[in-house]
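What follows is the content of model-v1.txt (compact mmCIF, N, CA and C atoms).
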# COMPACT_ATOMS: atom_id res chain seq x y z
N MET A 1 -15.97 15.75 -9.76
CA MET A 1 -16.27 15.19 -8.45
C MET A 1 -16.25 16.31 -7.43
N SER A 2 -17.26 16.33 -6.62
CA SER A 2 -17.35 17.37 -5.61
C SER A 2 -16.92 16.88 -4.24
N GLY A 3 -16.52 15.61 -4.12
CA GLY A 3 -16.12 15.06 -2.84
C GLY A 3 -14.83 15.68 -2.34
N SER A 4 -14.57 15.43 -1.06
CA SER A 4 -13.33 15.92 -0.49
C SER A 4 -12.79 14.85 0.45
N LEU A 5 -11.63 15.10 0.97
CA LEU A 5 -10.98 14.16 1.87
C LEU A 5 -11.47 14.42 3.29
N THR A 6 -12.25 13.51 3.82
CA THR A 6 -12.72 13.60 5.19
C THR A 6 -11.88 12.66 6.05
N LEU A 7 -11.99 12.78 7.35
CA LEU A 7 -11.23 11.89 8.23
C LEU A 7 -11.60 10.42 8.03
N PRO A 8 -12.88 10.07 7.88
CA PRO A 8 -13.18 8.66 7.61
C PRO A 8 -12.57 8.16 6.30
N MET A 9 -12.56 9.01 5.27
CA MET A 9 -11.97 8.61 4.00
C MET A 9 -10.45 8.50 4.10
N LEU A 10 -9.85 9.41 4.88
CA LEU A 10 -8.41 9.31 5.11
C LEU A 10 -8.10 7.99 5.82
N GLY A 11 -8.93 7.64 6.79
CA GLY A 11 -8.75 6.37 7.49
C GLY A 11 -8.89 5.19 6.54
N LEU A 12 -9.84 5.26 5.62
CA LEU A 12 -10.02 4.17 4.66
C LEU A 12 -8.85 4.09 3.69
N ILE A 13 -8.30 5.24 3.31
CA ILE A 13 -7.10 5.24 2.45
C ILE A 13 -5.93 4.60 3.20
N LEU A 14 -5.76 4.94 4.46
CA LEU A 14 -4.68 4.33 5.25
C LEU A 14 -4.89 2.84 5.41
N PHE A 15 -6.16 2.42 5.55
CA PHE A 15 -6.47 0.99 5.57
C PHE A 15 -6.02 0.34 4.26
N CYS A 16 -6.29 1.00 3.13
CA CYS A 16 -5.88 0.47 1.82
C CYS A 16 -4.36 0.35 1.74
N VAL A 17 -3.65 1.33 2.29
CA VAL A 17 -2.18 1.28 2.32
C VAL A 17 -1.72 0.06 3.12
N LEU A 18 -2.32 -0.17 4.27
CA LEU A 18 -1.95 -1.32 5.10
C LEU A 18 -2.32 -2.63 4.43
N ALA A 19 -3.48 -2.69 3.79
CA ALA A 19 -3.90 -3.91 3.09
C ALA A 19 -2.95 -4.20 1.93
N GLU A 20 -2.54 -3.16 1.21
CA GLU A 20 -1.60 -3.35 0.10
C GLU A 20 -0.25 -3.83 0.62
N THR A 21 0.18 -3.28 1.73
CA THR A 21 1.44 -3.71 2.33
C THR A 21 1.36 -5.17 2.76
N ALA A 22 0.27 -5.52 3.43
CA ALA A 22 0.08 -6.91 3.86
C ALA A 22 0.04 -7.85 2.66
N ARG A 23 -0.62 -7.43 1.60
CA ARG A 23 -0.69 -8.25 0.38
C ARG A 23 0.70 -8.51 -0.18
N GLU A 24 1.50 -7.46 -0.28
CA GLU A 24 2.84 -7.62 -0.85
C GLU A 24 3.73 -8.49 0.04
N VAL A 25 3.58 -8.36 1.36
CA VAL A 25 4.35 -9.21 2.27
C VAL A 25 3.95 -10.67 2.08
N CYS A 26 2.65 -10.92 1.96
CA CYS A 26 2.18 -12.29 1.73
C CYS A 26 2.71 -12.84 0.41
N PHE A 27 2.65 -12.05 -0.64
CA PHE A 27 3.14 -12.50 -1.95
C PHE A 27 4.64 -12.77 -1.91
N LYS A 28 5.39 -11.88 -1.27
CA LYS A 28 6.84 -12.08 -1.16
C LYS A 28 7.15 -13.36 -0.38
N HIS A 29 6.41 -13.56 0.71
CA HIS A 29 6.63 -14.74 1.54
C HIS A 29 6.32 -16.03 0.76
N SER A 30 5.31 -15.99 -0.06
CA SER A 30 4.92 -17.20 -0.79
C SER A 30 5.75 -17.42 -2.04
N ALA A 31 6.49 -16.41 -2.50
CA ALA A 31 7.21 -16.51 -3.77
C ALA A 31 8.29 -17.59 -3.73
N GLY A 32 9.10 -17.62 -2.69
CA GLY A 32 10.11 -18.66 -2.55
C GLY A 32 10.88 -18.96 -3.82
N ASP A 33 11.54 -20.09 -3.84
CA ASP A 33 12.32 -20.51 -5.01
C ASP A 33 11.57 -21.51 -5.87
N GLY A 34 10.36 -21.88 -5.48
CA GLY A 34 9.60 -22.89 -6.20
C GLY A 34 8.89 -22.33 -7.41
N SER A 35 8.10 -23.19 -8.00
CA SER A 35 7.33 -22.82 -9.19
C SER A 35 6.08 -22.05 -8.78
N LEU A 36 5.38 -21.56 -9.78
CA LEU A 36 4.11 -20.88 -9.54
C LEU A 36 3.12 -21.85 -8.91
N ARG A 37 3.15 -23.06 -9.36
CA ARG A 37 2.25 -24.09 -8.80
C ARG A 37 2.51 -24.30 -7.32
N ALA A 38 3.79 -24.34 -6.95
CA ALA A 38 4.14 -24.50 -5.54
C ALA A 38 3.71 -23.28 -4.74
N SER A 39 3.87 -22.10 -5.32
CA SER A 39 3.46 -20.87 -4.64
C SER A 39 1.95 -20.86 -4.40
N LEU A 40 1.19 -21.31 -5.39
CA LEU A 40 -0.27 -21.32 -5.26
C LEU A 40 -0.75 -22.33 -4.22
N ALA A 41 0.10 -23.28 -3.86
CA ALA A 41 -0.27 -24.28 -2.85
C ALA A 41 -0.05 -23.75 -1.43
N ARG A 42 0.63 -22.63 -1.30
CA ARG A 42 0.90 -22.06 0.02
C ARG A 42 -0.29 -21.22 0.48
N PRO A 43 -0.76 -21.44 1.71
CA PRO A 43 -1.91 -20.65 2.21
C PRO A 43 -1.66 -19.15 2.25
N VAL A 44 -0.41 -18.75 2.46
CA VAL A 44 -0.13 -17.32 2.60
C VAL A 44 -0.42 -16.56 1.30
N ILE A 45 -0.31 -17.21 0.16
CA ILE A 45 -0.64 -16.50 -1.09
C ILE A 45 -2.14 -16.24 -1.16
N TRP A 46 -2.93 -17.14 -0.64
CA TRP A 46 -4.38 -16.95 -0.62
C TRP A 46 -4.77 -15.85 0.36
N LEU A 47 -3.99 -15.71 1.43
CA LEU A 47 -4.20 -14.59 2.34
C LEU A 47 -3.90 -13.28 1.62
N GLY A 48 -2.84 -13.27 0.81
CA GLY A 48 -2.51 -12.09 0.01
C GLY A 48 -3.63 -11.75 -0.97
N ILE A 49 -4.20 -12.77 -1.59
CA ILE A 49 -5.31 -12.55 -2.52
C ILE A 49 -6.52 -11.99 -1.77
N LEU A 50 -6.76 -12.47 -0.56
CA LEU A 50 -7.84 -11.93 0.26
C LEU A 50 -7.60 -10.46 0.58
N PHE A 51 -6.36 -10.10 0.95
CA PHE A 51 -6.04 -8.70 1.20
C PHE A 51 -6.29 -7.87 -0.06
N TRP A 52 -5.94 -8.40 -1.22
CA TRP A 52 -6.15 -7.70 -2.48
C TRP A 52 -7.65 -7.45 -2.71
N ALA A 53 -8.48 -8.46 -2.45
CA ALA A 53 -9.92 -8.33 -2.67
C ALA A 53 -10.53 -7.30 -1.72
N VAL A 54 -10.14 -7.34 -0.46
CA VAL A 54 -10.66 -6.38 0.52
C VAL A 54 -10.22 -4.97 0.16
N GLU A 55 -8.96 -4.84 -0.24
CA GLU A 55 -8.46 -3.52 -0.65
C GLU A 55 -9.22 -3.01 -1.87
N LEU A 56 -9.52 -3.88 -2.81
CA LEU A 56 -10.26 -3.49 -4.01
C LEU A 56 -11.61 -2.88 -3.65
N VAL A 57 -12.32 -3.50 -2.73
CA VAL A 57 -13.62 -2.98 -2.30
C VAL A 57 -13.45 -1.63 -1.60
N ALA A 58 -12.50 -1.56 -0.66
CA ALA A 58 -12.27 -0.32 0.08
C ALA A 58 -11.83 0.81 -0.85
N TRP A 59 -10.95 0.50 -1.78
CA TRP A 59 -10.44 1.51 -2.71
C TRP A 59 -11.55 2.03 -3.61
N THR A 60 -12.45 1.16 -4.01
CA THR A 60 -13.58 1.58 -4.84
C THR A 60 -14.47 2.55 -4.06
N VAL A 61 -14.68 2.29 -2.79
CA VAL A 61 -15.45 3.22 -1.95
C VAL A 61 -14.74 4.57 -1.88
N VAL A 62 -13.43 4.54 -1.66
CA VAL A 62 -12.66 5.79 -1.60
C VAL A 62 -12.81 6.57 -2.89
N LEU A 63 -12.64 5.91 -4.03
CA LEU A 63 -12.68 6.61 -5.32
C LEU A 63 -14.06 7.18 -5.62
N GLY A 64 -15.09 6.62 -5.00
CA GLY A 64 -16.43 7.17 -5.19
C GLY A 64 -16.66 8.44 -4.41
N ARG A 65 -15.77 8.75 -3.45
CA ARG A 65 -16.00 9.89 -2.56
C ARG A 65 -14.87 10.92 -2.51
N VAL A 66 -13.70 10.54 -2.97
CA VAL A 66 -12.53 11.42 -2.87
C VAL A 66 -11.98 11.64 -4.28
N PRO A 67 -11.62 12.87 -4.63
CA PRO A 67 -11.02 13.11 -5.95
C PRO A 67 -9.76 12.26 -6.14
N LEU A 68 -9.62 11.72 -7.33
CA LEU A 68 -8.47 10.88 -7.66
C LEU A 68 -7.15 11.63 -7.46
N THR A 69 -7.17 12.93 -7.71
CA THR A 69 -5.95 13.73 -7.58
C THR A 69 -5.48 13.82 -6.13
N ILE A 70 -6.35 13.51 -5.19
CA ILE A 70 -5.97 13.50 -3.78
C ILE A 70 -5.75 12.06 -3.30
N ALA A 71 -6.68 11.16 -3.66
CA ALA A 71 -6.62 9.79 -3.16
C ALA A 71 -5.40 9.03 -3.65
N PHE A 72 -5.12 9.11 -4.95
CA PHE A 72 -4.04 8.29 -5.50
C PHE A 72 -2.67 8.69 -4.96
N PRO A 73 -2.34 9.96 -4.88
CA PRO A 73 -1.03 10.29 -4.29
C PRO A 73 -0.90 9.80 -2.84
N LEU A 74 -2.00 9.81 -2.09
CA LEU A 74 -1.92 9.30 -0.71
C LEU A 74 -1.64 7.80 -0.69
N MET A 75 -2.08 7.09 -1.71
CA MET A 75 -1.77 5.66 -1.79
C MET A 75 -0.27 5.42 -1.99
N ALA A 76 0.44 6.46 -2.40
CA ALA A 76 1.90 6.33 -2.54
C ALA A 76 2.57 6.06 -1.20
N LEU A 77 1.85 6.28 -0.11
CA LEU A 77 2.39 5.91 1.20
C LEU A 77 2.68 4.41 1.27
N SER A 78 2.04 3.65 0.39
CA SER A 78 2.33 2.21 0.36
C SER A 78 3.78 1.95 -0.01
N TYR A 79 4.41 2.83 -0.79
CA TYR A 79 5.83 2.67 -1.11
C TYR A 79 6.66 2.70 0.17
N VAL A 80 6.31 3.60 1.05
CA VAL A 80 7.02 3.74 2.32
C VAL A 80 6.77 2.51 3.19
N ALA A 81 5.51 2.14 3.32
CA ALA A 81 5.14 1.01 4.18
C ALA A 81 5.75 -0.29 3.68
N ILE A 82 5.74 -0.50 2.37
CA ILE A 82 6.29 -1.74 1.82
C ILE A 82 7.80 -1.78 1.96
N ALA A 83 8.46 -0.64 1.76
CA ALA A 83 9.92 -0.60 1.95
C ALA A 83 10.28 -0.91 3.41
N LEU A 84 9.54 -0.32 4.34
CA LEU A 84 9.79 -0.59 5.76
C LEU A 84 9.49 -2.04 6.11
N ALA A 85 8.41 -2.59 5.56
CA ALA A 85 8.08 -4.00 5.81
C ALA A 85 9.17 -4.91 5.27
N GLY A 86 9.70 -4.59 4.10
CA GLY A 86 10.78 -5.39 3.54
C GLY A 86 12.02 -5.36 4.42
N ALA A 87 12.31 -4.20 4.96
CA ALA A 87 13.49 -4.08 5.83
C ALA A 87 13.28 -4.80 7.16
N VAL A 88 12.10 -4.67 7.73
CA VAL A 88 11.84 -5.25 9.06
C VAL A 88 11.58 -6.75 8.97
N ILE A 89 10.71 -7.16 8.06
CA ILE A 89 10.29 -8.56 8.02
C ILE A 89 11.29 -9.44 7.27
N PHE A 90 11.79 -8.96 6.13
CA PHE A 90 12.67 -9.77 5.30
C PHE A 90 14.15 -9.39 5.41
N LYS A 91 14.45 -8.43 6.30
CA LYS A 91 15.83 -7.98 6.53
C LYS A 91 16.49 -7.49 5.25
N GLU A 92 15.70 -6.83 4.39
CA GLU A 92 16.24 -6.26 3.16
C GLU A 92 16.97 -4.97 3.48
N HIS A 93 18.04 -4.71 2.75
CA HIS A 93 18.87 -3.54 3.00
C HIS A 93 18.29 -2.32 2.30
N ILE A 94 18.22 -1.21 3.00
CA ILE A 94 17.82 0.07 2.41
C ILE A 94 19.02 0.99 2.45
N ASN A 95 19.55 1.31 1.26
CA ASN A 95 20.71 2.20 1.22
C ASN A 95 20.27 3.67 1.28
N LEU A 96 21.22 4.56 1.30
CA LEU A 96 20.93 5.98 1.45
C LEU A 96 20.08 6.53 0.30
N ARG A 97 20.36 6.12 -0.91
CA ARG A 97 19.59 6.61 -2.06
C ARG A 97 18.14 6.13 -1.97
N HIS A 98 17.95 4.88 -1.56
CA HIS A 98 16.60 4.33 -1.39
C HIS A 98 15.87 5.08 -0.28
N ALA A 99 16.55 5.32 0.82
CA ALA A 99 15.93 6.04 1.95
C ALA A 99 15.57 7.46 1.53
N ALA A 100 16.42 8.10 0.73
CA ALA A 100 16.11 9.46 0.26
C ALA A 100 14.88 9.44 -0.64
N GLY A 101 14.77 8.44 -1.49
CA GLY A 101 13.58 8.31 -2.35
C GLY A 101 12.32 8.14 -1.53
N VAL A 102 12.39 7.30 -0.51
CA VAL A 102 11.24 7.10 0.37
C VAL A 102 10.88 8.40 1.08
N PHE A 103 11.89 9.14 1.51
CA PHE A 103 11.65 10.43 2.16
C PHE A 103 10.93 11.40 1.22
N PHE A 104 11.40 11.50 -0.03
CA PHE A 104 10.80 12.44 -0.97
C PHE A 104 9.37 12.03 -1.34
N VAL A 105 9.12 10.73 -1.44
CA VAL A 105 7.75 10.27 -1.69
C VAL A 105 6.86 10.69 -0.52
N THR A 106 7.36 10.50 0.70
CA THR A 106 6.60 10.87 1.88
C THR A 106 6.34 12.38 1.93
N ALA A 107 7.34 13.15 1.59
CA ALA A 107 7.19 14.61 1.58
C ALA A 107 6.15 15.03 0.55
N GLY A 108 6.19 14.42 -0.63
CA GLY A 108 5.21 14.73 -1.65
C GLY A 108 3.80 14.36 -1.23
N VAL A 109 3.67 13.21 -0.61
CA VAL A 109 2.36 12.77 -0.12
C VAL A 109 1.84 13.75 0.94
N ALA A 110 2.72 14.20 1.81
CA ALA A 110 2.32 15.16 2.84
C ALA A 110 1.79 16.44 2.19
N CYS A 111 2.46 16.91 1.15
CA CYS A 111 2.01 18.13 0.45
C CYS A 111 0.63 17.92 -0.17
N VAL A 112 0.42 16.79 -0.80
CA VAL A 112 -0.87 16.50 -1.42
C VAL A 112 -1.94 16.34 -0.34
N GLY A 113 -1.62 15.63 0.73
CA GLY A 113 -2.58 15.38 1.80
C GLY A 113 -3.03 16.66 2.47
N VAL A 114 -2.11 17.57 2.72
CA VAL A 114 -2.46 18.83 3.36
C VAL A 114 -3.34 19.66 2.42
N THR A 115 -3.09 19.58 1.14
CA THR A 115 -3.89 20.31 0.15
C THR A 115 -5.33 19.82 0.16
N GLY A 116 -5.51 18.49 0.36
CA GLY A 116 -6.85 17.93 0.28
C GLY A 116 -7.68 18.10 1.53
N LEU A 117 -7.09 18.49 2.65
CA LEU A 117 -7.87 18.61 3.90
C LEU A 117 -8.56 19.95 4.01

Translate the structure of the given file into structure tokens.
Amino acid sequence: MSGSLTLPMLGLILFCVLAETAREVCFKHSAGDGSLRASLARPVIWLGILFWAVELVAWTVVLGRVPLTIAFPLMALSYVAIALAGAVIFKEHINLRHAAGVFFVTAGVACVGVTGL
């Protein structure tokens, strides 16, 4: 692949990160204590599926233009976004070891991202 990471593609990757985060928040919200059938009856799970479908299309566009060795590590930013969403939206606890892991993922993504620009 001769493509490279351009600003529009970086923006599309960040959109994919946000769509993935939104999807996981929707799935978590719909999971509840009920059965799978009850979860499927909740509109928020269908919103999550919609986020998944939109992300699939956007991610396919990214992969057609950006080397996988650059694009995929940048998607690791979703680990950071999802952890923060869990803490903010669901009041989940992030301990020091978890925070350190998120920091190292972010640092690694920064190294890969700078290499691709």

Do you have the CA of Leu5 in chain A-atom C of Arg65 in chain A distance handy?
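Between CA of Leu5 in chain A and atom C of Arg65 in chain A the gap works out to 6.7 Å.
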
Measuring between all atoms listed in the file, which one of A:Leu84, A:Leu77, A:Phe90, A:Trp46 shows the shortest distance to Val105 in chain A?
A:Leu77

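Between CA of Phe72 in chain A and CA of Val17 in chain A lies a distance of 10.7 Å.
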
According to DSSP computed on the backbone, where in range 20-110 of chain A is there alpha helix (DSSP H)? Give the residues as an NGL selection string.
:A and (20-31 or 36-40 or 43-65 or 68-75 or 77-89 or 96-110)

For a quick check of understanding, using all atoms listed in the file, which of A:Ala58, A:Ala41, A:Ser4, A:Ile49 has the smallest distance to Cys26 in chain A?
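The closest residue to Cys26 in chain A is A:Ile49.
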
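Take the candidates A:Ala83, A:Met75, A:Arg97, A:Thr6 and check each one against Glu55 in chain A using only C-alpha atoms; the shortest distance goes to A:Met75.
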
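Picture a line from atom N of Ala76 in chain A to atom C of Ser39 in chain A; it runs 27.4 Å.
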
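Closest approach to Ile45 in chain A among A:Val88, A:Lys28, A:Trp59, A:Leu14: A:Lys28, based on all atoms listed in the file.
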
If you count only C-alpha atoms, the residue of A:Leu10, A:Ala87, A:Ala110, A:Ala22 closest to Phe51 in chain A turns out to be A:Ala22
